[in-house]
>>> print(open('model15.cif').read())   # mmCIF, C-alpha atoms
data_upload
loop_
_atom_site.label_atom_id
_atom_site.label_comp_id
_atom_site.auth_asym_id
_atom_site.auth_seq_id
_atom_site.Cartn_x
_atom_site.Cartn_y
_atom_site.Cartn_z
CA MET A 1 3.68 -3.69 -23.59
CA LEU A 2 4.33 -1.48 -20.57
CA TYR A 3 2.01 -3.70 -18.52
CA TYR A 4 4.31 -6.67 -19.05
CA THR A 5 7.66 -4.86 -18.73
CA VAL A 6 7.54 -3.80 -15.08
CA THR A 7 10.89 -5.19 -14.07
CA ARG A 8 12.37 -6.58 -10.90
CA HIS A 9 15.12 -4.05 -11.38
CA ILE A 10 12.67 -1.21 -10.68
CA VAL A 11 11.07 -2.97 -7.72
CA PHE A 12 14.04 -4.50 -5.94
CA ASN A 13 17.16 -2.68 -7.11
CA LYS A 14 18.78 -1.22 -4.01
CA LYS A 15 20.63 1.48 -5.87
CA MET A 16 17.46 2.89 -7.37
CA LYS A 17 15.77 2.86 -3.97
CA LEU A 18 18.64 4.83 -2.46
CA GLU A 19 18.55 7.31 -5.34
CA LYS A 20 14.81 7.84 -4.85
CA ILE A 21 15.27 8.36 -1.11
CA ALA A 22 18.06 10.86 -1.76
CA MET A 23 15.92 12.69 -4.30
CA MET A 24 13.02 12.98 -1.81
CA ASN A 25 15.45 14.20 0.86
CA TYR A 26 16.69 16.92 -1.49
CA LEU A 27 13.12 17.84 -2.42
CA TRP A 28 11.82 18.17 1.15
CA GLY A 29 15.03 19.75 2.40
CA GLY A 30 14.89 22.30 -0.41
CA MET A 31 11.26 23.18 0.33
CA ILE A 32 12.02 23.67 4.04
CA LEU A 33 15.08 25.80 3.25
CA LEU A 34 13.13 27.98 0.78
CA GLY A 35 10.39 28.48 3.39
CA ILE A 36 12.90 29.60 6.02
CA ILE A 37 14.66 31.95 3.59
CA TYR A 38 11.36 33.45 2.46
CA GLY A 39 10.24 33.88 6.08
CA ALA A 40 13.52 35.64 6.91
CA PHE A 41 13.24 38.06 3.99
CA ALA A 42 9.54 38.69 4.69
CA GLY A 43 10.25 39.47 8.33
CA ASN A 44 8.29 36.45 9.58
CA LEU A 45 11.16 34.42 10.97
CA ASP A 46 9.56 34.33 14.44
CA ALA A 47 6.35 32.91 12.95
CA VAL A 48 8.38 30.33 10.98
CA THR A 49 10.19 29.24 14.16
CA GLU A 50 6.92 28.95 16.07
CA THR A 51 5.33 26.96 13.24
CA VAL A 52 8.30 24.56 13.09
CA ILE A 53 8.06 23.89 16.84
CA ASN A 54 4.27 23.41 16.75
CA SER A 55 4.49 21.18 13.68
CA ALA A 56 7.12 18.99 15.33
CA LYS A 57 4.87 18.67 18.39
CA GLU A 58 1.88 17.75 16.19
CA ALA A 59 3.96 15.21 14.27
CA VAL A 60 4.94 13.40 17.45
CA SER A 61 1.33 13.35 18.70
CA LEU A 62 0.11 12.04 15.33
CA VAL A 63 2.75 9.31 15.21
CA ILE A 64 1.77 8.15 18.72
CA ALA A 65 -1.93 8.07 17.75
CA ILE A 66 -1.28 6.18 14.51
CA ALA A 67 1.13 3.78 16.24
CA GLY A 68 -1.52 2.87 18.81
CA ILE A 69 -4.24 2.26 16.23
CA THR A 70 -1.91 0.36 13.91
CA ALA A 71 -0.64 -1.80 16.79
CA PHE A 72 -4.21 -2.59 17.87
CA TRP A 73 -5.46 -3.64 14.43
CA THR A 74 -2.23 -5.44 13.58
CA GLY A 75 -2.67 -7.39 16.81
CA ILE A 76 -6.24 -8.25 15.83
CA MET A 77 -4.96 -9.44 12.44
CA LYS A 78 -2.27 -11.54 14.13
CA ILE A 79 -4.83 -13.13 16.45
CA GLY A 80 -7.04 -13.89 13.46
CA GLU A 81 -4.06 -15.35 11.62
CA GLN A 82 -3.04 -17.63 14.52
CA ALA A 83 -6.65 -18.66 15.13
CA GLY A 84 -6.94 -19.78 11.51
CA LEU A 85 -9.52 -17.14 10.56
CA VAL A 86 -7.30 -15.60 7.91
CA GLU A 87 -6.72 -19.02 6.36
CA LYS A 88 -10.47 -19.65 6.29
CA LEU A 89 -11.07 -16.26 4.68
CA ALA A 90 -8.36 -17.05 2.15
CA LYS A 91 -10.17 -20.26 1.21
CA LYS A 92 -13.47 -18.39 0.94
CA ALA A 93 -11.80 -15.85 -1.33
CA ARG A 94 -10.25 -18.59 -3.49
CA PRO A 95 -12.71 -18.17 -6.42
CA LEU A 96 -12.04 -14.42 -6.49
CA LEU A 97 -8.28 -14.96 -6.38
CA LEU A 98 -8.47 -17.49 -9.21
CA PHE A 99 -10.42 -14.95 -11.26
CA LEU A 100 -7.82 -12.26 -10.62
CA PHE A 101 -4.77 -14.55 -10.68
CA PRO A 102 -5.47 -17.59 -12.91
CA GLU A 103 -1.74 -18.42 -12.89
CA LEU A 104 -1.93 -19.23 -9.16
CA LYS A 105 -4.31 -22.17 -9.44
CA ASP A 106 -2.12 -24.54 -7.40
CA GLN A 107 -0.10 -22.00 -5.44
CA GLU A 108 -1.45 -21.97 -1.88
CA LYS A 109 1.42 -19.99 -0.39
CA ALA A 110 1.17 -17.08 -2.82
CA SER A 111 -2.62 -17.05 -2.50
CA TYR A 112 -2.36 -16.92 1.29
CA TYR A 113 -0.01 -13.92 1.28
CA ILE A 114 -2.16 -12.11 -1.29
CA SER A 115 -5.29 -12.77 0.78
CA LEU A 116 -3.58 -11.45 3.91
CA ASN A 117 -2.44 -8.34 2.06
CA PHE A 118 -5.88 -7.68 0.57
CA LEU A 119 -7.51 -8.14 3.98
CA SER A 120 -5.10 -5.66 5.59
CA ASN A 121 -5.74 -3.12 2.85
CA PHE A 122 -9.49 -3.75 3.10
CA LEU A 123 -9.35 -2.72 6.76
CA GLY A 124 -7.27 0.33 5.91
CA LEU A 125 -4.13 -1.03 7.60
CA THR A 126 -1.72 0.15 4.92
CA HIS A 127 1.29 -0.05 7.27
CA ALA A 128 0.39 -3.55 8.43
CA SER A 129 -0.12 -4.73 4.84
CA THR A 130 3.45 -3.94 3.82
CA SER A 131 5.03 -7.16 5.15
CA SER A 132 2.41 -9.45 3.59
CA GLY A 133 2.64 -7.49 0.34
CA LEU A 134 6.41 -7.97 0.18
CA LEU A 135 6.08 -11.68 0.96
CA ALA A 136 3.40 -12.06 -1.72
CA PHE A 137 5.53 -10.26 -4.28
CA GLN A 138 8.61 -12.32 -3.39
CA GLU A 139 6.58 -15.51 -3.82
CA LEU A 140 5.22 -14.28 -7.16
CA ASP A 141 8.77 -13.41 -8.20
CA ARG A 142 9.92 -16.93 -7.29
CA LEU A 143 7.10 -18.44 -9.33
CA ASN A 144 8.14 -16.19 -12.21
CA GLY A 145 11.64 -17.68 -12.12
CA HIS A 146 13.18 -14.39 -10.93
CA SER A 147 12.74 -13.05 -14.43
CA THR A 148 13.54 -9.41 -15.23
CA ILE A 149 10.04 -9.14 -16.76
CA ALA A 150 7.09 -9.14 -14.38
CA SER A 151 4.41 -11.81 -14.74
CA ARG A 152 0.71 -11.07 -15.20
CA SER A 153 0.06 -11.96 -11.57
CA MET A 154 2.75 -9.56 -10.37
CA CYS A 155 1.33 -6.72 -12.45
CA THR A 156 -2.24 -7.46 -11.37
CA PHE A 157 -1.22 -7.59 -7.71
CA LEU A 158 0.61 -4.28 -8.00
CA ILE A 159 -2.24 -2.50 -9.79
CA ILE A 160 -4.93 -3.72 -7.38
CA ASN A 161 -2.76 -2.63 -4.45
CA VAL A 162 -2.46 0.83 -5.96
CA SER A 163 -6.25 1.02 -6.37
CA SER A 164 -6.55 0.27 -2.61
CA LEU A 165 -10.05 -1.03 -1.83
CA GLN A 166 -10.87 -0.09 1.78
CA LEU A 167 -13.85 -0.81 3.99
CA LEU A 168 -12.48 1.02 7.04
CA PRO A 169 -9.90 3.74 6.31
CA ILE A 170 -8.42 3.42 9.80
CA ASN A 171 -5.47 5.73 9.21
CA MET A 172 -7.59 8.51 7.73
CA ILE A 173 -10.08 8.24 10.59
CA ALA A 174 -7.16 8.55 13.02
CA TYR A 175 -5.88 11.65 11.20
CA ARG A 176 -9.30 13.27 11.34
CA ALA A 177 -9.73 12.45 15.03
CA GLN A 178 -6.27 13.83 15.80
CA TYR A 179 -7.09 17.17 14.17
CA GLY A 180 -10.41 17.61 15.92
CA SER A 181 -12.96 16.44 13.35
CA PRO A 182 -16.45 16.27 14.93
CA ALA A 183 -17.21 13.11 12.91
CA PRO A 184 -13.93 11.28 12.09
CA ALA A 185 -15.74 8.23 10.66
CA ALA A 186 -17.93 10.28 8.30
CA ILE A 187 -15.59 9.45 5.42
CA VAL A 188 -16.30 5.69 5.57
CA GLY A 189 -19.14 5.80 3.00
CA PRO A 190 -17.34 8.05 0.48
CA ALA A 191 -14.13 6.04 0.96
CA ILE A 192 -15.90 2.76 0.20
CA PHE A 193 -17.43 4.25 -2.95
CA ALA A 194 -14.22 5.92 -4.16
CA THR A 195 -11.91 2.96 -3.52
CA GLY A 196 -14.56 0.55 -4.85
CA MET A 197 -14.64 2.46 -8.15
CA SER A 198 -10.85 2.63 -8.34
CA THR A 199 -10.54 -1.11 -7.66
CA LEU A 200 -13.23 -1.91 -10.24
CA ALA A 201 -11.34 0.20 -12.79
CA ALA A 202 -8.12 -1.64 -11.89
CA VAL A 203 -9.73 -5.08 -12.34
CA ILE A 204 -11.29 -4.08 -15.68
CA PHE A 205 -7.95 -2.71 -16.87
CA CYS A 206 -6.12 -5.90 -15.89
CA LYS A 207 -8.69 -8.16 -17.57
CA VAL A 208 -8.87 -6.09 -20.76
CA THR A 209 -5.07 -5.99 -21.01
CA GLU A 210 -4.89 -9.73 -20.28
CA SER A 211 -7.41 -10.52 -23.04
CA ARG A 212 -5.33 -8.57 -25.57
CA HIS A 213 -2.29 -10.73 -24.88
#
>>> encode(input="model15.cif", output="structure tokens")
Amino acid sequence: MLYYTVTRHIVFNKKMKLEKIAMMNYLWGGMILLGIIYGAFAGNLDAVTETVINSAKEAVSLVIAIAGITAFWTGIMKIGEQAGLVEKLAKKARPLLLFLFPELKDQEKASYYISLNFLSNFLGLTHASTSSGLLAFQELDRLNGHSTIASRSMCTFLIINVSSLQLLPINMIAYRAQYGSPAPAAIVGPAIFATGMSTLAAVIFCKVTESRH
């Protein structure tokens, strides 16, 4: 029954989100503090200071690189959306969406947002897919009558998003390029295979669970 008891409270409750953020802040803050204390007692405080400065510099460089790539591909997606290409792709993907989400037979709006989210994930634009994912989930929540128990479509959408099928892992390629990989795009083949298997497992799980209920 866990599959059908993912609640809106867990997804949307602001208090829980703040508690999770606070917990992660304590976790990372504690790890940093322990590292500094250990470095001080081990006599490596100079090395710790140097590492902190270099890491901050690398973080800024990485953020700039990722921001550029994300902005470029998000722009491409926006152009495709305004040109009607995304809508055409959504119509082409209609049979697949009906297979995955039979409850959305006459729900064009939800199908459109889901298609946009899947396309963004497919291109490895995990940051760009966030907005469409939230809109899709809000639309699914509306169709579910704002119930405290998630619908089948909501659960299926969440599970397939977690499985993350990707054709071009743009972010990972950017990370590899930033850190000097001689072949940043060499992971494309393994990524397609790995995410394809995870997505297939997610679809099988959803369909098997659906058939039992």
>>> atom_distance(input="model15.cif", atom1="atom CA of Thr49 of chain A", atom2="atom CA of Gly29 of chain A")
15.9 Å
>>> residues_around(input="model15.cif", residues="Ala174 of chain A", least_positions_apart="6", cutoff="9 Å", atoms="all atoms listed in the file", output="JSON, numbers by chain")
{"A": [62, 65, 66, 69, 184, 185]}
>>> closest_residue(input="model15.cif", among="A:Lys92, A:Arg142, A:Gly80, A:Ser129", to="Lys109 of chain A", atoms="all atoms listed in the file")
A:Arg142
>>> atom_distance(input="model15.cif", atom1="atom CA of Pro102 of chain A", atom2="atom CA of Leu165 of chain A")
20.4 Å
>>> resolve_selection(input="model15.cif", expression="the PyMOL selection byres ((chain A and resi 94-97) around 12)", output="MDAnalysis selection string")
chainID A and resid 87:93 98:108 110:116 118 153 156:157 160 203
>>> resolve_selection(input="model15.cif", expression="the PyMOL selection byres ((chain A and resi 35) around 12)", output="list in words")
Trp28, Gly29, Gly30, Met31, Ile32, Leu33, Leu34, Ile36, Ile37, Tyr38, Gly39, Ala40, Phe41, Ala42, Asn44, Leu45, Ala47, Val48, Thr49, Thr51 and Val52 of chain A
>>> write_last_selection(input="model15.cif", atoms="C-alpha atoms", output="PDB file, keeping the file's coordinate frame")
ATOM      1  CA  TRP A  28      11.820  18.170   1.150  1.00  0.00           C
ATOM      2  CA  GLY A  29      15.030  19.750   2.400  1.00  0.00           C
ATOM      3  CA  GLY A  30      14.890  22.300  -0.410  1.00  0.00           C
ATOM      4  CA  MET A  31      11.260  23.180   0.330  1.00  0.00           C
ATOM      5  CA  ILE A  32      12.020  23.670   4.040  1.00  0.00           C
ATOM      6  CA  LEU A  33      15.080  25.800   3.250  1.00  0.00           C
ATOM      7  CA  LEU A  34      13.130  27.980   0.780  1.00  0.00           C
ATOM      8  CA  ILE A  36      12.900  29.600   6.020  1.00  0.00           C
ATOM      9  CA  ILE A  37      14.660  31.950   3.590  1.00  0.00           C
ATOM     10  CA  TYR A  38      11.360  33.450   2.460  1.00  0.00           C
ATOM     11  CA  GLY A  39      10.240  33.880   6.080  1.00  0.00           C
ATOM     12  CA  ALA A  40      13.520  35.640   6.910  1.00  0.00           C
ATOM     13  CA  PHE A  41      13.240  38.060   3.990  1.00  0.00           C
ATOM     14  CA  ALA A  42       9.540  38.690   4.690  1.00  0.00           C
ATOM     15  CA  ASN A  44       8.290  36.450   9.580  1.00  0.00           C
ATOM     16  CA  LEU A  45      11.160  34.420  10.970  1.00  0.00           C
ATOM     17  CA  ALA A  47       6.350  32.910  12.950  1.00  0.00           C
ATOM     18  CA  VAL A  48       8.380  30.330  10.980  1.00  0.00           C
ATOM     19  CA  THR A  49      10.190  29.240  14.160  1.00  0.00           C
ATOM     20  CA  THR A  51       5.330  26.960  13.240  1.00  0.00           C
ATOM     21  CA  VAL A  52       8.300  24.560  13.090  1.00  0.00           C
TER      22      VAL A  52
END
>>> atom_distance(input="model15.cif", atom1="atom CA of Ser164 of chain A", atom2="atom CA of Glu210 of chain A")
20.4 Å
>>> axis_aligned_box(input="model15.cif", around="segment 45-54 of chain A", padding_each_side="4 Å", output="lines of an AutoDock Vina configuration file")
center_x = 7.7
center_y = 28.9
center_z = 13.9
size_x = 14.9
size_y = 19.0
size_z = 13.9
>>> resolve_selection(input="model15.cif", expression="the PyMOL selection byres ((chain A and resi 144) around 12)", output="compact mmCIF listing (two decimals) with C-alpha atoms, keeping the file's coordinate frame")
# COMPACT_ATOMS: atom_id res chain seq x y z
CA THR A 7 10.89 -5.19 -14.07
CA ARG A 8 12.37 -6.58 -10.90
CA GLU A 103 -1.74 -18.42 -12.89
CA LEU A 104 -1.93 -19.23 -9.16
CA ALA A 110 1.17 -17.08 -2.82
CA PHE A 137 5.53 -10.26 -4.28
CA GLN A 138 8.61 -12.32 -3.39
CA GLU A 139 6.58 -15.51 -3.82
CA LEU A 140 5.22 -14.28 -7.16
CA ASP A 141 8.77 -13.41 -8.20
CA ARG A 142 9.92 -16.93 -7.29
CA LEU A 143 7.10 -18.44 -9.33
CA GLY A 145 11.64 -17.68 -12.12
CA HIS A 146 13.18 -14.39 -10.93
CA SER A 147 12.74 -13.05 -14.43
CA THR A 148 13.54 -9.41 -15.23
CA ILE A 149 10.04 -9.14 -16.76
CA ALA A 150 7.09 -9.14 -14.38
CA SER A 151 4.41 -11.81 -14.74
CA ARG A 152 0.71 -11.07 -15.20
CA SER A 153 0.06 -11.96 -11.57
CA MET A 154 2.75 -9.56 -10.37
CA CYS A 155 1.33 -6.72 -12.45
>>> residues_around(input="model15.cif", residues="Leu168 of chain A", least_positions_apart="2", cutoff="9 Å", atoms="all atoms listed in the file", output="list of chain:residue names")
A:Asn121, A:Phe122, A:Leu123, A:Gly124, A:Leu125, A:Gln166, A:Ile170, A:Asn171, A:Met172, A:Ile173, A:Ala185, A:Val188, A:Ala191, A:Ile192
>>> build_atoms(input="model15.cif", residues="segment 127-138 of chain A", atoms="N, CA and C atoms", output="CSV table (one decimal), keeping the file's coordinate frame")
chain,number,residue,atom,x,y,z
A,127,HIS,N,0.0,0.3,6.7
A,127,HIS,CA,1.3,0.0,7.3
A,127,HIS,C,1.4,-1.5,7.6
A,128,ALA,N,0.4,-2.1,8.1
A,128,ALA,CA,0.4,-3.6,8.4
A,128,ALA,C,0.4,-4.4,7.2
A,129,SER,N,-0.1,-3.9,6.1
A,129,SER,CA,-0.1,-4.7,4.8
A,129,SER,C,1.2,-4.8,4.1
A,130,THR,N,2.2,-4.0,4.5
A,130,THR,CA,3.4,-3.9,3.8
A,130,THR,C,4.2,-5.3,3.8
A,131,SER,N,4.3,-5.9,5.0
A,131,SER,CA,5.0,-7.2,5.2
A,131,SER,C,4.4,-8.3,4.3
A,132,SER,N,3.1,-8.4,4.4
A,132,SER,CA,2.4,-9.4,3.6
A,132,SER,C,2.5,-9.1,2.1
A,133,GLY,N,2.5,-7.9,1.7
A,133,GLY,CA,2.6,-7.5,0.3
A,133,GLY,C,4.0,-7.9,-0.2
A,134,LEU,N,5.1,-7.6,0.6
A,134,LEU,CA,6.4,-8.0,0.2
A,134,LEU,C,6.6,-9.5,0.1
A,135,LEU,N,6.0,-10.2,1.0
A,135,LEU,CA,6.1,-11.7,1.0
A,135,LEU,C,5.3,-12.2,-0.3
A,136,ALA,N,4.2,-11.6,-0.5
A,136,ALA,CA,3.4,-12.1,-1.7
A,136,ALA,C,4.2,-11.8,-3.0
A,137,PHE,N,4.8,-10.6,-3.1
A,137,PHE,CA,5.5,-10.3,-4.3
A,137,PHE,C,6.8,-11.1,-4.4
A,138,GLN,N,7.4,-11.4,-3.3
A,138,GLN,CA,8.6,-12.3,-3.4
A,138,GLN,C,8.2,-13.7,-3.9
